[in-house]
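Peer 1: Sharing final.txt here; it has compact mmCIF, C-alpha atoms.
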# COMPACT_ATOMS: atom_id res chain seq x y z
CA MET A 1 -10.95 3.90 46.14
CA LYS A 2 -10.40 1.28 43.44
CA THR A 3 -13.77 2.14 41.87
CA LEU A 4 -12.89 5.85 41.80
CA PHE A 5 -9.55 5.11 40.13
CA THR A 6 -11.25 2.90 37.51
CA PHE A 7 -13.86 5.58 36.84
CA LEU A 8 -11.17 8.28 36.37
CA ALA A 9 -9.11 6.03 34.07
CA VAL A 10 -12.15 5.27 31.87
CA PHE A 11 -13.11 8.95 31.81
CA LEU A 12 -9.61 10.00 30.70
CA LEU A 13 -9.51 7.36 27.97
CA LEU A 14 -12.90 8.38 26.58
CA SER A 15 -12.17 12.11 26.69
CA CYS A 16 -9.08 11.86 24.47
CA ASP A 17 -9.72 12.88 20.87
CA SER A 18 -7.69 11.38 18.09
CA GLY A 19 -9.71 13.13 15.38
CA ARG A 20 -8.12 15.51 12.94
CA THR A 21 -8.66 19.23 13.13
CA ASN A 22 -10.61 21.19 10.52
CA ARG A 23 -7.87 23.82 10.43
CA ASN A 24 -7.47 25.54 7.06
CA PRO A 25 -3.92 24.83 5.83
CA TYR A 26 -3.86 27.91 3.57
CA LEU A 27 -4.69 30.67 6.07
CA GLN A 28 -2.74 31.66 9.16
CA GLU A 29 -4.40 32.66 12.42
CA ILE A 30 -3.57 36.38 12.60
CA SER A 31 -4.38 38.33 15.77
CA PHE A 32 -5.93 41.73 15.16
CA ARG A 33 -8.66 44.08 16.32
CA ILE A 34 -10.33 46.84 14.33
CA ASP A 35 -13.14 49.24 15.25
CA LEU A 36 -15.44 50.35 12.42
CA ASN A 37 -17.31 53.60 13.08
CA LEU A 38 -20.63 53.39 11.23
CA ASN A 39 -20.80 57.20 11.14
CA LEU A 40 -17.82 57.31 8.77
CA PRO A 41 -18.62 57.24 5.02
CA SER A 42 -16.38 54.19 4.48
CA TYR A 43 -18.56 52.05 6.74
CA SER A 44 -21.99 53.76 6.57
CA ALA A 45 -23.30 51.04 4.22
CA LEU A 46 -23.21 48.71 7.23
CA LYS A 47 -26.14 50.62 8.76
CA ASN A 48 -28.48 48.73 6.40
CA THR A 49 -29.26 45.01 6.69
CA GLY A 50 -27.73 42.95 3.89
CA ASN A 51 -24.99 45.43 3.00
CA ALA A 52 -21.32 44.50 3.21
CA VAL A 53 -17.99 46.31 3.03
CA TYR A 54 -14.41 45.29 2.37
CA VAL A 55 -11.82 46.49 4.89
CA GLY A 56 -8.31 46.22 3.48
CA SER A 57 -6.36 47.94 6.25
CA GLN A 58 -2.78 46.82 6.93
CA GLY A 59 -2.65 44.15 9.64
CA VAL A 60 -6.34 43.24 9.38
CA GLY A 61 -6.53 39.58 8.45
CA THR A 62 -4.36 38.11 5.72
CA LYS A 63 -5.83 40.04 2.78
CA GLY A 64 -8.37 42.16 4.67
CA ILE A 65 -11.88 41.30 5.83
CA PHE A 66 -15.47 41.45 4.65
CA VAL A 67 -18.10 42.62 7.15
CA ILE A 68 -21.85 42.29 6.55
CA ASN A 69 -24.87 43.54 8.50
CA THR A 70 -27.05 40.46 9.04
CA GLY A 71 -29.84 42.37 10.79
CA PHE A 72 -30.95 43.03 14.37
CA ASP A 73 -27.60 44.62 15.35
CA SER A 74 -25.73 41.51 14.23
CA PHE A 75 -22.66 41.45 11.99
CA MET A 76 -20.57 38.71 10.40
CA ALA A 77 -16.90 39.14 9.49
CA PHE A 78 -14.78 36.90 7.27
CA GLU A 79 -11.24 36.74 5.89
CA ALA A 80 -10.98 38.29 2.42
CA SER A 81 -8.37 35.80 1.18
CA CYS A 82 -9.85 32.79 -0.65
CA PRO A 83 -9.77 29.84 1.77
CA ASN A 84 -9.08 27.25 -0.91
CA HIS A 85 -5.56 28.15 -1.98
CA GLU A 86 -2.49 29.93 -0.64
CA PRO A 87 -2.62 33.74 -0.56
CA SER A 88 -1.44 35.15 -3.89
CA SER A 89 -1.86 38.15 -6.15
CA CYS A 90 -5.35 36.97 -7.19
CA SER A 91 -6.58 35.47 -3.90
CA THR A 92 -8.25 38.63 -2.51
CA MET A 93 -11.94 38.05 -3.10
CA VAL A 94 -14.19 40.67 -4.67
CA LEU A 95 -17.58 41.81 -3.38
CA ASP A 96 -20.32 40.87 -5.87
CA ASP A 97 -22.87 43.41 -7.11
CA ASP A 98 -25.51 41.94 -4.78
CA LYS A 99 -23.25 42.89 -1.79
CA GLN A 100 -24.04 39.53 -0.15
CA ASN A 101 -21.59 37.22 -1.93
CA VAL A 102 -17.89 37.36 -2.78
CA THR A 103 -15.94 35.75 -5.62
CA CYS A 104 -12.32 34.63 -5.83
CA PRO A 105 -10.88 35.91 -9.13
CA CYS A 106 -8.43 32.97 -9.33
CA GLU A 107 -11.01 30.19 -9.91
CA ASP A 108 -14.35 32.07 -9.72
CA TYR A 109 -15.16 30.35 -6.42
CA LYS A 110 -18.20 32.02 -4.84
CA TYR A 111 -18.96 32.38 -1.10
CA ASN A 112 -21.94 33.70 0.86
CA LEU A 113 -21.25 36.46 3.40
CA PHE A 114 -24.19 35.57 5.66
CA THR A 115 -22.81 32.08 6.31
CA GLY A 116 -19.29 31.95 4.83
CA GLN A 117 -20.37 28.89 2.87
CA PHE A 118 -18.63 27.85 -0.36
CA LEU A 119 -21.48 28.07 -2.90
CA ASN A 120 -20.11 26.50 -6.10
CA ARG A 121 -18.03 23.69 -4.60
CA PRO A 122 -16.57 21.41 -7.32
CA ASP A 123 -17.97 17.90 -7.35
CA ASP A 124 -14.71 16.01 -6.90
CA ASP A 125 -12.89 14.23 -4.08
CA ASN A 126 -10.80 17.22 -2.98
CA ARG A 127 -11.27 18.87 0.40
CA TYR A 128 -12.62 22.43 0.26
CA HIS A 129 -13.00 25.04 2.99
CA ASP A 130 -15.63 27.65 3.80
CA MET A 131 -14.59 31.22 4.63
CA LEU A 132 -12.55 31.90 7.78
CA PHE A 133 -14.82 33.54 10.39
CA TYR A 134 -13.80 36.40 12.70
CA SER A 135 -15.60 37.50 15.88
CA SER A 136 -17.62 40.72 15.69
CA SER A 137 -19.67 42.80 18.11
CA ILE A 138 -21.43 46.16 18.13
CA ASN A 139 -21.49 48.87 20.78
CA GLY A 140 -23.42 51.98 19.76
CA ASN A 141 -22.15 52.91 16.29
CA ILE A 142 -18.89 50.97 16.60
CA VAL A 143 -18.54 47.47 15.12
CA THR A 144 -15.50 45.68 16.54
CA VAL A 145 -13.95 42.79 14.62
CA ARG A 146 -11.21 40.68 16.23
CA ASN A 147 -9.35 37.45 16.03
Let me see the structure of the file written as structure tokens.

Peer 2:
Amino acid sequence: MKTLFTFLAVFLLLSCDSGRTNRNPYLQEISFRIDLNLNLPSYSALKNTGNAVYVGSQGVGTKGIFVINTGFDSFMAFEASCPNHEPSSCSTMVLDDDKQNVTCPCEDYKYNLFTGQFLNRPDDDNRYHDMLFYSSSINGNIVTVRN
């Protein structure tokens, strides 16, 4: 019995995590769900691999979302508000001409929609964040994005 108690005590001590979270301090966790019908003209670009759309509906993310078709019935969805400063009048990112990257008009920060990665990260000692990811799935011609 003493061995079992010692084992449980050691297990509990080792399973505690004192590490800090990677939570983005600028963006809130907003619960939402939206269904995108690929048969509608607004979302038909998502039928082709590599194409992305901006969805700016009320209540969808902080400043809307970007959704991209990554191929093989797979989609990625990200928050449209720049993850490296508080939401403001210029923090809604803009889809680049290549339809695979977005740019924040405030500082010209650029992000990739396939990965959400910050592409032109300044070389300084500040902490920077990649794009905030949202869950997505497809069923027939409906892409569902949720958080």

Peer 1: List the neighbours of Glu107 of chain A out to 12 Å using all atoms listed in the file; skip same-chain residues closer than 2 positions along the sequence, and give me the result as a short mmCIF file (atom, residue, chain, number, x, y, z; two decimals) with C-alpha atoms, in the coordinates of the input.

Peer 2:
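So selection.cif came out as:
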data_model
loop_
_atom_site.label_atom_id
_atom_site.label_comp_id
_atom_site.auth_asym_id
_atom_site.auth_seq_id
_atom_site.Cartn_x
_atom_site.Cartn_y
_atom_site.Cartn_z
CA CYS A 82 -9.85 32.79 -0.65
CA PRO A 83 -9.77 29.84 1.77
CA ASN A 84 -9.08 27.25 -0.91
CA HIS A 85 -5.56 28.15 -1.98
CA CYS A 90 -5.35 36.97 -7.19
CA SER A 91 -6.58 35.47 -3.90
CA THR A 92 -8.25 38.63 -2.51
CA MET A 93 -11.94 38.05 -3.10
CA THR A 103 -15.94 35.75 -5.62
CA CYS A 104 -12.32 34.63 -5.83
CA PRO A 105 -10.88 35.91 -9.13
CA TYR A 109 -15.16 30.35 -6.42
CA LYS A 110 -18.20 32.02 -4.84
CA ASN A 120 -20.11 26.50 -6.10
CA ARG A 121 -18.03 23.69 -4.60
CA PRO A 122 -16.57 21.41 -7.32
#

Peer 1: Need the shell around Ser81 of chain A: protein/DNA/RNA residues with any atom at most 12 Å away, counting all atoms listed in the file. Skip same-chain ones fewer than 5 positions apart. Format as number ranges by chain?

Peer 2: A: 24, 26-28, 54-56, 60-66, 86-95, 102-106, 109, 111, 129-133

Peer 1: Using all atoms listed in the file, can you list as a list of chain:residue names the residues within 7 Å of (-4.5, 40.0, 13.1)?

Peer 2: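 Output of the proximity query reads A:Ile30, A:Ser31, A:Phe32, A:Arg33, A:Gly59, A:Val60, A:Gly61, A:Asn147.
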
Peer 1: For atom CA of Val145 of chain A and atom CA of Gly50 of chain A, quote the distance in Å rounded to one decimal.

Peer 2: 17.5 Å

Peer 1: Using only C-alpha atoms for the distances, tell me which of A:Asn139, A:Leu113, A:Asn48, A:Asn101 is nearest to Val67 of chain A.

Peer 2: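 Closest residue, counting only C-alpha atoms: A:Leu113.
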